[in-house]
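Structure file work.txt; described as compact mmCIF, N, CA and C atoms.
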```txt
# COMPACT_ATOMS: atom_id res chain seq x y z
N MET A 1 0.85 -1.17 0.00
CA MET A 1 0.00 0.00 0.00
C MET A 1 0.90 1.24 0.00
N SER A 2 0.56 2.21 -0.82
CA SER A 2 1.36 3.43 -0.87
C SER A 2 1.19 4.24 0.41
N ASP A 3 2.14 5.13 0.67
CA ASP A 3 2.05 5.97 1.87
C ASP A 3 0.79 6.81 1.86
N ASP A 4 0.41 7.35 0.70
CA ASP A 4 -0.81 8.17 0.62
C ASP A 4 -2.05 7.34 0.95
N LYS A 5 -2.12 6.12 0.42
CA LYS A 5 -3.27 5.24 0.71
C LYS A 5 -3.29 4.85 2.18
N ARG A 6 -2.12 4.57 2.74
CA ARG A 6 -2.04 4.20 4.15
C ARG A 6 -2.51 5.38 5.02
N TRP A 7 -2.09 6.59 4.67
CA TRP A 7 -2.51 7.80 5.41
C TRP A 7 -4.02 7.96 5.31
N GLU A 8 -4.59 7.83 4.10
CA GLU A 8 -6.03 7.99 3.91
C GLU A 8 -6.82 6.95 4.72
N LEU A 9 -6.38 5.69 4.67
CA LEU A 9 -7.05 4.64 5.45
C LEU A 9 -6.91 4.93 6.94
N GLY A 10 -5.72 5.34 7.36
CA GLY A 10 -5.49 5.65 8.77
C GLY A 10 -6.38 6.78 9.26
N ILE A 11 -6.49 7.84 8.49
CA ILE A 11 -7.35 8.98 8.89
C ILE A 11 -8.81 8.55 8.92
N ALA A 12 -9.25 7.80 7.92
CA ALA A 12 -10.65 7.34 7.91
C ALA A 12 -10.93 6.46 9.13
N THR A 13 -10.00 5.59 9.47
CA THR A 13 -10.17 4.71 10.63
C THR A 13 -10.13 5.51 11.92
N PHE A 14 -9.21 6.47 12.02
CA PHE A 14 -9.13 7.35 13.19
C PHE A 14 -10.49 8.01 13.44
N LYS A 15 -11.09 8.52 12.37
CA LYS A 15 -12.38 9.21 12.51
C LYS A 15 -13.49 8.24 12.95
N LYS A 16 -13.42 6.99 12.49
CA LYS A 16 -14.39 5.98 12.95
C LYS A 16 -14.18 5.68 14.43
N VAL A 17 -12.93 5.58 14.84
CA VAL A 17 -12.60 5.23 16.22
C VAL A 17 -13.02 6.34 17.17
N TYR A 18 -12.67 7.57 16.85
CA TYR A 18 -12.89 8.68 17.78
C TYR A 18 -14.11 9.54 17.47
N GLY A 19 -14.71 9.39 16.31
CA GLY A 19 -15.85 10.25 15.96
C GLY A 19 -15.43 11.71 16.07
N ASN A 20 -16.21 12.47 16.79
CA ASN A 20 -15.91 13.89 16.98
C ASN A 20 -15.32 14.17 18.36
N VAL A 21 -14.90 13.14 19.08
CA VAL A 21 -14.39 13.33 20.43
C VAL A 21 -13.03 14.03 20.42
N ILE A 22 -12.15 13.62 19.52
CA ILE A 22 -10.87 14.33 19.35
C ILE A 22 -10.59 14.48 17.85
N PRO A 23 -9.94 15.57 17.47
CA PRO A 23 -9.67 15.79 16.05
C PRO A 23 -8.50 14.94 15.55
N ALA A 24 -8.55 14.61 14.27
CA ALA A 24 -7.46 13.87 13.65
C ALA A 24 -6.25 14.79 13.50
N PRO A 25 -5.06 14.25 13.68
CA PRO A 25 -3.87 15.08 13.51
C PRO A 25 -3.68 15.45 12.03
N PRO A 26 -3.17 16.64 11.75
CA PRO A 26 -2.90 17.00 10.36
C PRO A 26 -1.68 16.24 9.85
N LYS A 27 -1.57 16.12 8.56
CA LYS A 27 -0.44 15.41 7.97
C LYS A 27 0.88 16.07 8.34
N GLU A 28 0.82 17.36 8.63
CA GLU A 28 2.03 18.10 8.99
C GLU A 28 2.45 17.87 10.45
N ALA A 29 1.80 16.97 11.15
CA ALA A 29 2.09 16.74 12.57
C ALA A 29 3.47 16.12 12.79
N GLY A 30 4.12 15.72 11.75
CA GLY A 30 5.46 15.17 11.89
C GLY A 30 5.48 13.66 11.96
N ASP A 31 6.65 13.13 12.24
CA ASP A 31 6.85 11.69 12.23
C ASP A 31 5.96 10.95 13.22
N PHE A 32 5.80 11.50 14.43
CA PHE A 32 4.99 10.81 15.43
C PHE A 32 3.56 10.66 14.94
N GLY A 33 2.97 11.73 14.42
CA GLY A 33 1.59 11.68 13.91
C GLY A 33 1.46 10.72 12.75
N THR A 34 2.45 10.74 11.86
CA THR A 34 2.42 9.85 10.70
C THR A 34 2.50 8.39 11.14
N ILE A 35 3.41 8.08 12.04
CA ILE A 35 3.54 6.71 12.53
C ILE A 35 2.25 6.27 13.22
N CYS A 36 1.69 7.13 14.04
CA CYS A 36 0.45 6.82 14.75
C CYS A 36 -0.68 6.50 13.76
N ILE A 37 -0.88 7.38 12.79
CA ILE A 37 -1.97 7.19 11.84
C ILE A 37 -1.72 5.99 10.93
N GLU A 38 -0.54 5.89 10.38
CA GLU A 38 -0.28 4.84 9.39
C GLU A 38 -0.11 3.46 10.01
N GLN A 39 0.37 3.37 11.24
CA GLN A 39 0.52 2.05 11.86
C GLN A 39 -0.68 1.70 12.73
N GLN A 40 -0.92 2.51 13.74
CA GLN A 40 -1.97 2.18 14.70
C GLN A 40 -3.34 2.10 14.06
N PHE A 41 -3.65 3.06 13.17
CA PHE A 41 -5.00 3.10 12.61
C PHE A 41 -5.11 2.41 11.25
N ALA A 42 -4.15 2.64 10.35
CA ALA A 42 -4.24 2.01 9.02
C ALA A 42 -3.94 0.51 9.07
N GLU A 43 -3.08 0.10 10.01
CA GLU A 43 -2.68 -1.30 10.02
C GLU A 43 -3.28 -2.13 11.16
N VAL A 44 -3.64 -1.51 12.27
CA VAL A 44 -4.14 -2.29 13.40
C VAL A 44 -5.65 -2.13 13.58
N TRP A 45 -6.12 -0.90 13.81
CA TRP A 45 -7.55 -0.69 14.03
C TRP A 45 -8.39 -1.08 12.81
N SER A 46 -7.84 -1.03 11.62
CA SER A 46 -8.62 -1.31 10.41
C SER A 46 -8.72 -2.80 10.08
N ARG A 47 -8.03 -3.64 10.81
CA ARG A 47 -8.10 -5.08 10.54
C ARG A 47 -9.53 -5.57 10.75
N ASP A 48 -9.92 -6.60 9.99
CA ASP A 48 -11.31 -7.07 10.06
C ASP A 48 -11.51 -8.32 10.92
N VAL A 49 -10.51 -8.69 11.70
CA VAL A 49 -10.63 -9.89 12.53
C VAL A 49 -11.56 -9.65 13.73
N MET A 50 -11.47 -8.47 14.31
CA MET A 50 -12.33 -8.11 15.45
C MET A 50 -13.18 -6.91 15.04
N THR A 51 -14.36 -6.80 15.65
CA THR A 51 -15.19 -5.63 15.40
C THR A 51 -14.60 -4.43 16.15
N MET A 52 -15.04 -3.26 15.77
CA MET A 52 -14.61 -2.05 16.48
C MET A 52 -15.01 -2.15 17.95
N ARG A 53 -16.18 -2.66 18.23
CA ARG A 53 -16.66 -2.81 19.61
C ARG A 53 -15.75 -3.76 20.40
N ASP A 54 -15.38 -4.89 19.79
CA ASP A 54 -14.49 -5.84 20.47
C ASP A 54 -13.14 -5.21 20.78
N ARG A 55 -12.59 -4.48 19.81
CA ARG A 55 -11.32 -3.80 20.03
C ARG A 55 -11.44 -2.79 21.16
N ARG A 56 -12.54 -2.06 21.15
CA ARG A 56 -12.74 -1.02 22.16
C ARG A 56 -12.86 -1.64 23.55
N LEU A 57 -13.60 -2.73 23.69
CA LEU A 57 -13.73 -3.37 25.00
C LEU A 57 -12.38 -3.87 25.50
N ALA A 58 -11.58 -4.46 24.60
CA ALA A 58 -10.25 -4.92 25.00
C ALA A 58 -9.39 -3.74 25.44
N LEU A 59 -9.46 -2.66 24.69
CA LEU A 59 -8.67 -1.47 25.02
C LEU A 59 -9.14 -0.83 26.32
N LEU A 60 -10.44 -0.73 26.53
CA LEU A 60 -10.94 -0.16 27.78
C LEU A 60 -10.44 -0.97 28.97
N GLY A 61 -10.46 -2.29 28.84
CA GLY A 61 -9.94 -3.14 29.91
C GLY A 61 -8.47 -2.89 30.18
N ALA A 62 -7.69 -2.77 29.12
CA ALA A 62 -6.25 -2.51 29.28
C ALA A 62 -6.02 -1.15 29.93
N LEU A 63 -6.78 -0.15 29.52
CA LEU A 63 -6.60 1.19 30.09
C LEU A 63 -6.97 1.23 31.57
N ILE A 64 -8.02 0.50 31.94
CA ILE A 64 -8.40 0.41 33.36
C ILE A 64 -7.27 -0.27 34.13
N ALA A 65 -6.78 -1.38 33.59
CA ALA A 65 -5.72 -2.14 34.28
C ALA A 65 -4.45 -1.31 34.45
N LEU A 66 -4.16 -0.45 33.48
CA LEU A 66 -2.96 0.39 33.55
C LEU A 66 -3.17 1.65 34.38
N GLY A 67 -4.43 1.93 34.74
CA GLY A 67 -4.72 3.15 35.50
C GLY A 67 -4.66 4.41 34.65
N GLU A 68 -4.88 4.28 33.36
CA GLU A 68 -4.80 5.41 32.42
C GLU A 68 -6.16 6.10 32.29
N GLU A 69 -6.43 7.01 33.20
CA GLU A 69 -7.74 7.67 33.23
C GLU A 69 -8.02 8.55 32.01
N GLY A 70 -7.04 9.30 31.54
CA GLY A 70 -7.24 10.20 30.40
C GLY A 70 -7.62 9.45 29.14
N PRO A 71 -6.80 8.48 28.70
CA PRO A 71 -7.17 7.69 27.52
C PRO A 71 -8.46 6.89 27.74
N PHE A 72 -8.69 6.43 28.98
CA PHE A 72 -9.94 5.72 29.25
C PHE A 72 -11.13 6.62 28.96
N ARG A 73 -11.07 7.86 29.44
CA ARG A 73 -12.18 8.80 29.21
C ARG A 73 -12.41 9.01 27.72
N ILE A 74 -11.35 9.22 26.97
CA ILE A 74 -11.47 9.45 25.52
C ILE A 74 -12.10 8.24 24.83
N HIS A 75 -11.63 7.03 25.15
CA HIS A 75 -12.16 5.84 24.48
C HIS A 75 -13.56 5.48 24.97
N ALA A 76 -13.83 5.71 26.24
CA ALA A 76 -15.18 5.45 26.75
C ALA A 76 -16.18 6.41 26.10
N GLU A 77 -15.81 7.68 26.02
CA GLU A 77 -16.72 8.64 25.39
C GLU A 77 -16.89 8.34 23.90
N SER A 78 -15.81 7.98 23.23
CA SER A 78 -15.90 7.63 21.81
C SER A 78 -16.81 6.42 21.61
N ALA A 79 -16.67 5.43 22.47
CA ALA A 79 -17.51 4.22 22.37
C ALA A 79 -18.98 4.56 22.58
N LEU A 80 -19.26 5.44 23.53
CA LEU A 80 -20.65 5.85 23.77
C LEU A 80 -21.18 6.70 22.62
N ALA A 81 -20.37 7.63 22.15
CA ALA A 81 -20.79 8.52 21.05
C ALA A 81 -21.03 7.72 19.76
N ASN A 82 -20.21 6.69 19.54
CA ASN A 82 -20.36 5.85 18.35
C ASN A 82 -21.40 4.74 18.53
N ARG A 83 -22.01 4.70 19.71
CA ARG A 83 -23.03 3.70 20.06
C ARG A 83 -22.53 2.26 19.97
N GLU A 84 -21.26 2.10 20.32
CA GLU A 84 -20.68 0.76 20.38
C GLU A 84 -21.07 0.07 21.67
N ILE A 85 -21.22 0.84 22.72
CA ILE A 85 -21.65 0.32 24.02
C ILE A 85 -22.63 1.31 24.65
N THR A 86 -23.36 0.82 25.63
CA THR A 86 -24.29 1.66 26.38
C THR A 86 -23.63 2.09 27.69
N PRO A 87 -24.15 3.10 28.34
CA PRO A 87 -23.61 3.46 29.66
C PRO A 87 -23.65 2.28 30.64
N LYS A 88 -24.72 1.49 30.58
CA LYS A 88 -24.84 0.34 31.47
C LYS A 88 -23.74 -0.69 31.19
N GLU A 89 -23.44 -0.92 29.91
CA GLU A 89 -22.37 -1.86 29.56
C GLU A 89 -21.01 -1.33 29.99
N LEU A 90 -20.80 -0.03 29.85
CA LEU A 90 -19.54 0.57 30.29
C LEU A 90 -19.34 0.36 31.79
N ASN A 91 -20.38 0.57 32.54
CA ASN A 91 -20.32 0.34 33.99
C ASN A 91 -20.03 -1.13 34.29
N GLU A 92 -20.63 -2.02 33.52
CA GLU A 92 -20.42 -3.46 33.72
C GLU A 92 -18.98 -3.87 33.42
N VAL A 93 -18.35 -3.21 32.45
CA VAL A 93 -16.93 -3.48 32.17
C VAL A 93 -16.11 -3.22 33.42
N VAL A 94 -16.37 -2.10 34.10
CA VAL A 94 -15.63 -1.77 35.31
C VAL A 94 -15.92 -2.77 36.42
N ILE A 95 -17.19 -3.12 36.59
CA ILE A 95 -17.55 -4.10 37.62
C ILE A 95 -16.85 -5.44 37.36
N PHE A 96 -16.89 -5.88 36.10
CA PHE A 96 -16.28 -7.16 35.74
C PHE A 96 -14.77 -7.15 36.01
N LEU A 97 -14.11 -6.05 35.69
CA LEU A 97 -12.65 -5.99 35.83
C LEU A 97 -12.16 -5.73 37.25
N THR A 98 -13.02 -5.24 38.11
CA THR A 98 -12.59 -4.85 39.46
C THR A 98 -11.81 -5.94 40.19
N PRO A 99 -12.28 -7.20 40.24
CA PRO A 99 -11.50 -8.22 40.95
C PRO A 99 -10.13 -8.49 40.31
N TYR A 100 -10.00 -8.20 39.03
CA TYR A 100 -8.74 -8.46 38.32
C TYR A 100 -7.75 -7.32 38.41
N VAL A 101 -8.26 -6.09 38.40
CA VAL A 101 -7.35 -4.92 38.38
C VAL A 101 -7.23 -4.26 39.74
N GLY A 102 -8.13 -4.60 40.65
CA GLY A 102 -8.10 -4.03 41.99
C GLY A 102 -9.09 -2.88 42.14
N TYR A 103 -9.56 -2.73 43.36
CA TYR A 103 -10.55 -1.69 43.65
C TYR A 103 -10.01 -0.28 43.44
N PRO A 104 -8.76 0.02 43.80
CA PRO A 104 -8.27 1.39 43.59
C PRO A 104 -8.31 1.82 42.12
N ARG A 105 -7.90 0.95 41.22
CA ARG A 105 -7.91 1.32 39.79
C ARG A 105 -9.33 1.41 39.26
N ALA A 106 -10.19 0.51 39.66
CA ALA A 106 -11.58 0.57 39.20
C ALA A 106 -12.27 1.82 39.73
N THR A 107 -12.00 2.14 40.98
CA THR A 107 -12.62 3.33 41.59
C THR A 107 -12.22 4.59 40.84
N LYS A 108 -10.99 4.64 40.35
CA LYS A 108 -10.51 5.81 39.62
C LYS A 108 -11.38 6.13 38.41
N VAL A 109 -11.87 5.10 37.73
CA VAL A 109 -12.65 5.34 36.51
C VAL A 109 -14.16 5.39 36.75
N LEU A 110 -14.61 5.00 37.92
CA LEU A 110 -16.06 5.01 38.18
C LEU A 110 -16.67 6.40 38.08
N SER A 111 -15.95 7.42 38.51
CA SER A 111 -16.50 8.77 38.41
C SER A 111 -16.59 9.20 36.94
N ILE A 112 -15.64 8.76 36.12
CA ILE A 112 -15.68 9.04 34.68
C ILE A 112 -16.90 8.34 34.07
N VAL A 113 -17.11 7.09 34.44
CA VAL A 113 -18.24 6.32 33.93
C VAL A 113 -19.56 7.00 34.33
N ALA A 114 -19.67 7.43 35.57
CA ALA A 114 -20.90 8.08 36.04
C ALA A 114 -21.14 9.39 35.28
N GLN A 115 -20.10 10.15 35.09
CA GLN A 115 -20.20 11.41 34.35
C GLN A 115 -20.64 11.17 32.91
N LEU A 116 -20.01 10.21 32.24
CA LEU A 116 -20.37 9.90 30.86
C LEU A 116 -21.77 9.29 30.76
N ALA A 117 -22.16 8.51 31.77
CA ALA A 117 -23.51 7.92 31.77
C ALA A 117 -24.57 9.02 31.80
N ARG A 118 -24.34 10.05 32.60
CA ARG A 118 -25.29 11.17 32.63
C ARG A 118 -25.33 11.87 31.28
N GLN A 119 -24.20 12.00 30.65
CA GLN A 119 -24.11 12.69 29.37
C GLN A 119 -24.75 11.89 28.23
N TYR A 120 -24.65 10.57 28.26
CA TYR A 120 -25.10 9.74 27.16
C TYR A 120 -26.36 8.91 27.46
N SER A 121 -27.03 9.20 28.54
CA SER A 121 -28.27 8.47 28.85
C SER A 121 -29.48 9.17 28.30
```
Just give me the structure as structure tokens.
Amino acid sequence: MSDDKRWELGIATFKKVYGNVIPAPPKEAGDFGTICIEQQFAEVWSRDVMTMRDRRLALLGALIALGEEGPFRIHAESALANREITPKELNEVVIFLTPYVGYPRATKVLSIVAQLARQYS
């Protein structure tokens, strides 16, 4: 695939993943932006083995386990905005993961989940 095609696929996939929650980086963003778009989105997120919802659930679990509240908020909001999951399902993800990741990490994201549930209910 040519670099231009990879960039186009990556940007299209980025927009599917994030919707209007965060803007796509411009092509002038430099090497980091190019690598992010062309690898993460054109080559990984665009694969057809898993659905977008399945990828998102796996990623939300990883973000909770790592204690990454900022990226969790972005992906949780994107999932709700794209109607991949419901607020109730998002809450259930946290409940399910709590015994595995620990109460402190789960508690960190519960306020985010409650806030987003009010926004998307």
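The gap separating atom N of Ala42 (chain A) from CA of Glu92 (chain A) is 29.1 Å, in Å to one decimal.
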Find the residues near Gly19 (chain A): any atom within 8 Å, counting all atoms listed in the file, skip ones fewer than 2 places away on the same chain, and give them as a list in words.
-> Thr13, Phe14, Lys15, Lys16, Val17, Val21, Ile22, Pro23, Ala24, Glu77, Ser78, Ala79, Ala81 and Asn82 of chain A
Next, dump the selected residues to file, keeping only N, CA and C atoms, as an mmCIF file, in the coordinates of the input.
```cif
data_model
loop_
_atom_site.group_PDB
_atom_site.id
_atom_site.type_symbol
_atom_site.label_atom_id
_atom_site.label_comp_id
_atom_site.auth_asym_id
_atom_site.auth_seq_id
_atom_site.Cartn_x
_atom_site.Cartn_y
_atom_site.Cartn_z
ATOM 1 N N THR A 13 -10.000 5.590 9.470
ATOM 2 C CA THR A 13 -10.170 4.710 10.630
ATOM 3 C C THR A 13 -10.130 5.510 11.920
ATOM 4 N N PHE A 14 -9.210 6.470 12.020
ATOM 5 C CA PHE A 14 -9.130 7.350 13.190
ATOM 6 C C PHE A 14 -10.490 8.010 13.440
ATOM 7 N N LYS A 15 -11.090 8.520 12.370
ATOM 8 C CA LYS A 15 -12.380 9.210 12.510
ATOM 9 C C LYS A 15 -13.490 8.240 12.950
ATOM 10 N N LYS A 16 -13.420 6.990 12.490
ATOM 11 C CA LYS A 16 -14.390 5.980 12.950
ATOM 12 C C LYS A 16 -14.180 5.680 14.430
ATOM 13 N N VAL A 17 -12.930 5.580 14.840
ATOM 14 C CA VAL A 17 -12.600 5.230 16.220
ATOM 15 C C VAL A 17 -13.020 6.340 17.170
ATOM 16 N N VAL A 21 -14.900 13.140 19.080
ATOM 17 C CA VAL A 21 -14.390 13.330 20.430
ATOM 18 C C VAL A 21 -13.030 14.030 20.420
ATOM 19 N N ILE A 22 -12.150 13.620 19.520
ATOM 20 C CA ILE A 22 -10.870 14.330 19.350
ATOM 21 C C ILE A 22 -10.590 14.480 17.850
ATOM 22 N N PRO A 23 -9.940 15.570 17.470
ATOM 23 C CA PRO A 23 -9.670 15.790 16.050
ATOM 24 C C PRO A 23 -8.500 14.940 15.550
ATOM 25 N N ALA A 24 -8.550 14.610 14.270
ATOM 26 C CA ALA A 24 -7.460 13.870 13.650
ATOM 27 C C ALA A 24 -6.250 14.790 13.500
ATOM 28 N N GLU A 77 -15.810 7.680 26.020
ATOM 29 C CA GLU A 77 -16.720 8.640 25.390
ATOM 30 C C GLU A 77 -16.890 8.340 23.900
ATOM 31 N N SER A 78 -15.810 7.980 23.230
ATOM 32 C CA SER A 78 -15.900 7.630 21.810
ATOM 33 C C SER A 78 -16.810 6.420 21.610
ATOM 34 N N ALA A 79 -16.670 5.430 22.470
ATOM 35 C CA ALA A 79 -17.510 4.220 22.370
ATOM 36 C C ALA A 79 -18.980 4.560 22.580
ATOM 37 N N ALA A 81 -20.370 7.630 22.150
ATOM 38 C CA ALA A 81 -20.790 8.520 21.050
ATOM 39 C C ALA A 81 -21.030 7.720 19.760
ATOM 40 N N ASN A 82 -20.210 6.690 19.540
ATOM 41 C CA ASN A 82 -20.360 5.850 18.350
ATOM 42 C C ASN A 82 -21.400 4.740 18.530
#
```
Can you tell me, as a list of chain:residue names, what residues are no more than 7 Å from region 98-101 of chain A when counting all atoms listed in the file, ignoring any on the same chain fewer than 4 positions away?
->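 The neighbour list is A:Ile64, A:Ala65, A:Val93, A:Val94, A:Arg105, A:Ala106.
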Polymer residues at most 8 Å from Pro87 (chain A), all atoms listed in the file, same-chain spacing of 4 or more positions, as a list in words =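 Near neighbours after the sequence-gap exclusion: Ala79, Leu80, Asn91, Glu92, Val93, Val113, Leu116, Ala117, Arg118, Tyr120 and Ser121 of chain A.
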Enter the distance from atom C of Ile11 (chain A) to atom N of Val49 (chain A), in Å, rounded to one decimal.
->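 Computed distance, atom C of Ile11 (chain A) to atom N of Val49 (chain A), equals 17.5 Å.
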Which one of A:Asp31, A:Asp54, A:Glu8, A:Glu68 sits closest to Glu84 (chain A) if you count all atoms listed in the file?
->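 Looking at the shortest contact to Glu84 (chain A), the residue is A:Asp54.
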